[in-house]
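Notes follow the structure.
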Amino acid sequence: MNVKDSLLNTLAASGSEYISGAALAEKLGVSRNAVWKAVKSLEAEGYAIESVTSKGYRLADSNNRLSEKLITSHLTTKALGRELKVLDEVNSTNIAAKELASAGAPHGMAVAADMQTMGRGRLGRTFVSPAGTGLYLSVILRPEIELEATAMMTTAASVAVAEAVEKLTGSAAQIKWVNDVYLNGKKICGILTEASLGLEMKSLDYAVIGIGVNVRSVRGKFDSELIKTASSIEDETGLIIDRNALCAAILDRLEFYTDSLRERSFLEGYRRRELLTGNDITAMVGNQPITGKALGIDDNGNLIVELPDGSVKHLGSGEANLCRVKK
């Protein structure tokens, strides 16, 4: 490993603590001048490094460079993210992950990107993905579970994102059925799960969970229509959080929940955060609009809706393609 990479690993491991140039030089087995040159090289690549006389160096809280080394320095997972590709730009992290999965990439491999040129949401919608703003992450899963249980992956992923955001911000996140995470009533995250089935259509070959989180301010980056409903962590909390730490926190919680899909331990957290429950809603079921009152989430992650005639319908994510609070 070269001096620059060794320095980055050391700074990442130190967190918010400063390390003196002399201590870094001794640890890395190089001169202080070599440490200084490595710092300058990292800064040229976009890393924000603070330097304080008599204290030393540390990664700045404002650092906004996505990095494999910085993400893995925060990870506590066994498999998820342990093989990781971090890209400056990609058409779609889901497309990239599916290509890797088709070529035999293992369970847990992840693709993260600074920007997407063809970011996608459910039902072919566009997910706007400007550079330096969001975390765009796709994870390959090869779980040994019944095919029916795969429908719960998006539900589990939304809870994982909500918990990661809450951990780093201290703000309560909400979930809008089925796949959106909100802060203060505005969408900050969308999730798209895609699966490849076995030849007999009875088993799961792999699944790719795509997660897009708006982290830094989106003001001036989203158009006037999108900004009415979408926002970011920074815009809603005033906090500038480390995208690397957020990526690791999401992977940690996602592994916890996807390793226990059968137990469905995430459902309690999902139900507690779900935004539609208790509200009158409108939904499109196929091409048919319906109205009703959202009563809650059943054990399969379906939305329970009471219709005006008193009958109750359980809406699956593949059945209802648009669901909103009635205005």
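Here, A, B, ... name the chains of the structure tokens in the order displayed, residue numbers run from 1 inside each chain, and ligands are numbered from 1 in the same displayed order.
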Proximity check stretch 164-272 of chain A to stretch 134-137 of chain A, 9 Å, nearest pairs one decimal Å, only C-alpha atoms, as JSON lines:
```
{"residue": "A:Ile209", "atom": "CA", "partner": "A:Leu137", "partner_atom": "CA", "distance": 8.2}
{"residue": "A:Gly210", "atom": "CA", "partner": "A:Leu137", "partner_atom": "CA", "distance": 5.8}
{"residue": "A:Ile211", "atom": "CA", "partner": "A:Leu137", "partner_atom": "CA", "distance": 5.1}
{"residue": "A:Gly212", "atom": "CA", "partner": "A:Tyr136", "partner_atom": "CA", "distance": 4.6}
{"residue": "A:Val213", "atom": "CA", "partner": "A:Leu135", "partner_atom": "CA", "distance": 5.2}
{"residue": "A:Asn214", "atom": "CA", "partner": "A:Gly134", "partner_atom": "CA", "distance": 4.3}
{"residue": "A:Val215", "atom": "CA", "partner": "A:Gly134", "partner_atom": "CA", "distance": 4.9}
{"residue": "A:Arg216", "atom": "CA", "partner": "A:Gly134", "partner_atom": "CA", "distance": 6.4}
{"residue": "A:Ser217", "atom": "CA", "partner": "A:Gly134", "partner_atom": "CA", "distance": 9.0}
{"residue": "A:Val218", "atom": "CA", "partner": "A:Gly134", "partner_atom": "CA", "distance": 8.9}
{"residue": "A:Ser232", "atom": "CA", "partner": "A:Gly134", "partner_atom": "CA", "distance": 8.4}
{"residue": "A:Arg243", "atom": "CA", "partner": "A:Leu135", "partner_atom": "CA", "distance": 6.3}
{"residue": "A:Asn244", "atom": "CA", "partner": "A:Leu135", "partner_atom": "CA", "distance": 8.5}
{"residue": "A:Leu246", "atom": "CA", "partner": "A:Leu135", "partner_atom": "CA", "distance": 8.2}
{"residue": "A:Cys247", "atom": "CA", "partner": "A:Leu135", "partner_atom": "CA", "distance": 7.2}
```
Writer output for current selection, N, CA and C atoms, as a short mmCIF file (atom, residue, chain, number, x, y, z; two decimals), in the first residue's frame:
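As written to disk, again-v2.cif reads:
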```cif
data_model
loop_
_atom_site.label_atom_id
_atom_site.label_comp_id
_atom_site.auth_asym_id
_atom_site.auth_seq_id
_atom_site.Cartn_x
_atom_site.Cartn_y
_atom_site.Cartn_z
N ILE A 209 -30.87 -4.58 -4.37
CA ILE A 209 -31.60 -3.50 -3.69
C ILE A 209 -30.89 -2.19 -3.98
N GLY A 210 -31.59 -1.29 -4.67
CA GLY A 210 -31.03 0.02 -4.98
C GLY A 210 -31.59 1.08 -4.05
N ILE A 211 -30.71 1.87 -3.47
CA ILE A 211 -31.09 2.88 -2.48
C ILE A 211 -30.52 4.23 -2.90
N GLY A 212 -31.37 5.21 -3.02
CA GLY A 212 -30.92 6.57 -3.32
C GLY A 212 -31.33 7.51 -2.22
N VAL A 213 -30.34 8.13 -1.56
CA VAL A 213 -30.62 9.05 -0.45
C VAL A 213 -30.09 10.44 -0.80
N ASN A 214 -30.95 11.44 -0.68
CA ASN A 214 -30.51 12.83 -0.85
C ASN A 214 -29.87 13.28 0.46
N VAL A 215 -28.57 13.54 0.43
CA VAL A 215 -27.82 13.83 1.66
C VAL A 215 -27.54 15.32 1.79
N ARG A 216 -26.78 15.88 0.87
CA ARG A 216 -26.48 17.31 0.89
C ARG A 216 -27.64 18.11 0.28
N SER A 217 -27.61 19.42 0.44
CA SER A 217 -28.71 20.27 0.00
C SER A 217 -29.03 20.07 -1.48
N VAL A 218 -30.32 19.99 -1.78
CA VAL A 218 -30.76 19.84 -3.17
C VAL A 218 -31.35 21.15 -3.71
N SER A 232 -33.72 16.86 1.26
CA SER A 232 -32.49 16.16 1.62
C SER A 232 -32.30 16.19 3.12
N ARG A 243 -21.29 11.06 3.91
CA ARG A 243 -21.95 10.06 3.07
C ARG A 243 -21.33 8.67 3.26
N ASN A 244 -20.05 8.62 3.57
CA ASN A 244 -19.39 7.33 3.81
C ASN A 244 -19.95 6.66 5.06
N LEU A 246 -22.87 7.24 6.38
CA LEU A 246 -24.26 6.86 6.10
C LEU A 246 -24.32 5.56 5.31
N CYS A 247 -23.45 5.42 4.31
CA CYS A 247 -23.41 4.19 3.51
C CYS A 247 -23.15 2.98 4.40
#
```
So that I can check the surroundings of A:Glu163, please list as a list in words every protein, DNA and RNA residue that reaches within 10 Å of it, counting only C-alpha atoms and ignoring chain neighbours fewer than 6 positions away.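 Selected residues are Ala157, Thr169, Gly170, Ser171, Ala172, Ala173, Gln174, Ala249, Ile250, Arg253, Leu254 and Gly269 of chain A.
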So that I can check the surroundings of stretch 55-64 of chain A, please list as a PyMOL selection string every protein, DNA and RNA residue that reaches within 12 Å of it, counting only C-alpha atoms and ignoring chain neighbours fewer than 6 positions away. chain A and resi 7-25+32+35-36+38-40+42-43+45-49+70-71+114+131-135+215-216+234+239-246
Of the listed residues A:Leu183, A:Ile227, A:Leu315, A:Leu192, that which approaches A:Leu275 most closely, counting only C-alpha atoms: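 Going through A:Leu183, A:Ile227, A:Leu315, A:Leu192 one by one, the smallest distance to A:Leu275 is for A:Leu183.
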When you draw a straight line from atom CA of A:Met109 to atom CA of A:Ile145, how long is it in Å? 18.3 Å
Based on the backbone DSSP call, show me all residues of stretch 35-255 of chain A assigned helix (DSSP H, G or I), as a PyMOL selection string. chain A and resi 35-44+68-74+93-102+122-124+147-169+226-228+233-237+243-255
From the list A:Ser317, A:Asn184, A:Asn94, A:Ser224, which residue is nearest A:Asn300 when using only C-alpha atoms?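 For A:Asn300, the nearest of the candidates is A:Ser317.
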Can you list, as number ranges by chain, every protein, DNA or RNA residue that comes within 12 Å of A:Lys98 when you count only C-alpha atoms, leaving out same-chain residues fewer than 4 positions away? A: 92-94, 102-107, 109-111, 138-141, 193-196, 205-210
Near A:Met118, within 8 Å and counting only C-alpha atoms, which residues show up once chain neighbours fewer than 2 positions away are dropped, as a list of chain:residue names? A:Val90, A:Asn91, A:Ser92, A:Gln116, A:Arg120, A:Thr126, A:Phe127
Write out as number ranges by chain which residues come within 12 Å of A:Glu268 when counting only C-alpha atoms, dropping same-chain ones fewer than 4 positions away. A: 155-156, 159, 263-264, 272-274, 296-299, 301
Keeping only C-alpha atoms, write the selected residues to a file as a PDB file, in the first residue's frame.
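The file below, part.pdb, is the result:
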```pdb
ATOM      1  CA  THR A 155     -39.761  -3.225   3.442  1.00  0.00           C
ATOM      2  CA  ALA A 156     -36.637  -4.296   5.323  1.00  0.00           C
ATOM      3  CA  VAL A 159     -36.383   0.412   7.862  1.00  0.00           C
ATOM      4  CA  GLU A 263     -38.539 -13.456  11.324  1.00  0.00           C
ATOM      5  CA  ARG A 264     -39.710 -10.086   9.927  1.00  0.00           C
ATOM      6  CA  ARG A 272     -44.329   2.700  13.704  1.00  0.00           C
ATOM      7  CA  ARG A 273     -42.929   4.994  10.993  1.00  0.00           C
ATOM      8  CA  GLU A 274     -45.471   4.413   8.193  1.00  0.00           C
ATOM      9  CA  GLY A 296     -52.029  -0.359   8.689  1.00  0.00           C
ATOM     10  CA  ILE A 297     -49.510  -2.867   7.361  1.00  0.00           C
ATOM     11  CA  ASP A 298     -50.162  -6.618   7.411  1.00  0.00           C
ATOM     12  CA  ASP A 299     -47.585  -9.326   8.143  1.00  0.00           C
ATOM     13  CA  GLY A 301     -45.934  -5.815   4.130  1.00  0.00           C
TER      14      GLY A 301
END
```
Name the residues in contact with A:Ser260 at a cut-off of 12 Å, using only C-alpha atoms, excluding same-chain residues fewer than 2 positions from it; report them as a ChimeraX atom specification. /A:143-145,149-150,152-153,156,253-258,262-267
Restricted to C-alpha atoms, what would the selected residues look like written as a PDB file, in the first residue's frame?
```pdb
ATOM      1  CA  PRO A 143     -30.275 -15.174   0.337  1.00  0.00           C
ATOM      2  CA  GLU A 144     -31.372 -18.758   0.806  1.00  0.00           C
ATOM      3  CA  ILE A 145     -35.048 -18.040   1.388  1.00  0.00           C
ATOM      4  CA  ALA A 149     -40.082 -13.814   1.353  1.00  0.00           C
ATOM      5  CA  THR A 150     -38.221 -11.743  -1.247  1.00  0.00           C
ATOM      6  CA  MET A 152     -40.210  -8.171   2.057  1.00  0.00           C
ATOM      7  CA  MET A 153     -36.747  -6.984   1.016  1.00  0.00           C
ATOM      8  CA  ALA A 156     -36.637  -4.296   5.323  1.00  0.00           C
ATOM      9  CA  ARG A 253     -28.748  -2.340   9.296  1.00  0.00           C
ATOM     10  CA  LEU A 254     -29.609  -3.880   5.930  1.00  0.00           C
ATOM     11  CA  GLU A 255     -27.509  -6.942   6.718  1.00  0.00           C
ATOM     12  CA  PHE A 256     -29.170  -7.306  10.116  1.00  0.00           C
ATOM     13  CA  TYR A 257     -32.667  -7.314   8.628  1.00  0.00           C
ATOM     14  CA  THR A 258     -32.055  -9.249   5.413  1.00  0.00           C
ATOM     15  CA  ARG A 262     -38.265 -14.929   7.810  1.00  0.00           C
ATOM     16  CA  GLU A 263     -38.539 -13.456  11.324  1.00  0.00           C
ATOM     17  CA  ARG A 264     -39.710 -10.086   9.927  1.00  0.00           C
ATOM     18  CA  SER A 265     -38.311  -8.233  12.916  1.00  0.00           C
ATOM     19  CA  PHE A 266     -38.349  -5.014  10.876  1.00  0.00           C
ATOM     20  CA  LEU A 267     -42.159  -4.891  10.657  1.00  0.00           C
TER      21      LEU A 267
END
```
How far is it from atom CA of A:Leu295 to atom CA of A:Ile188, in Å with one decimal? 24.3 Å
Quick one: of A:Arg82, A:Lys221, A:Arg125, A:Lys327, who's nearest to A:Lys69, counting only C-alpha atoms?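 When distances to A:Lys69 are compared using only C-alpha atoms, the smallest one comes from A:Arg82.
Atom CA of A:Leu84 to atom CA of A:Ser67 spans 9.8 Å [interatomic distance, one decimal].
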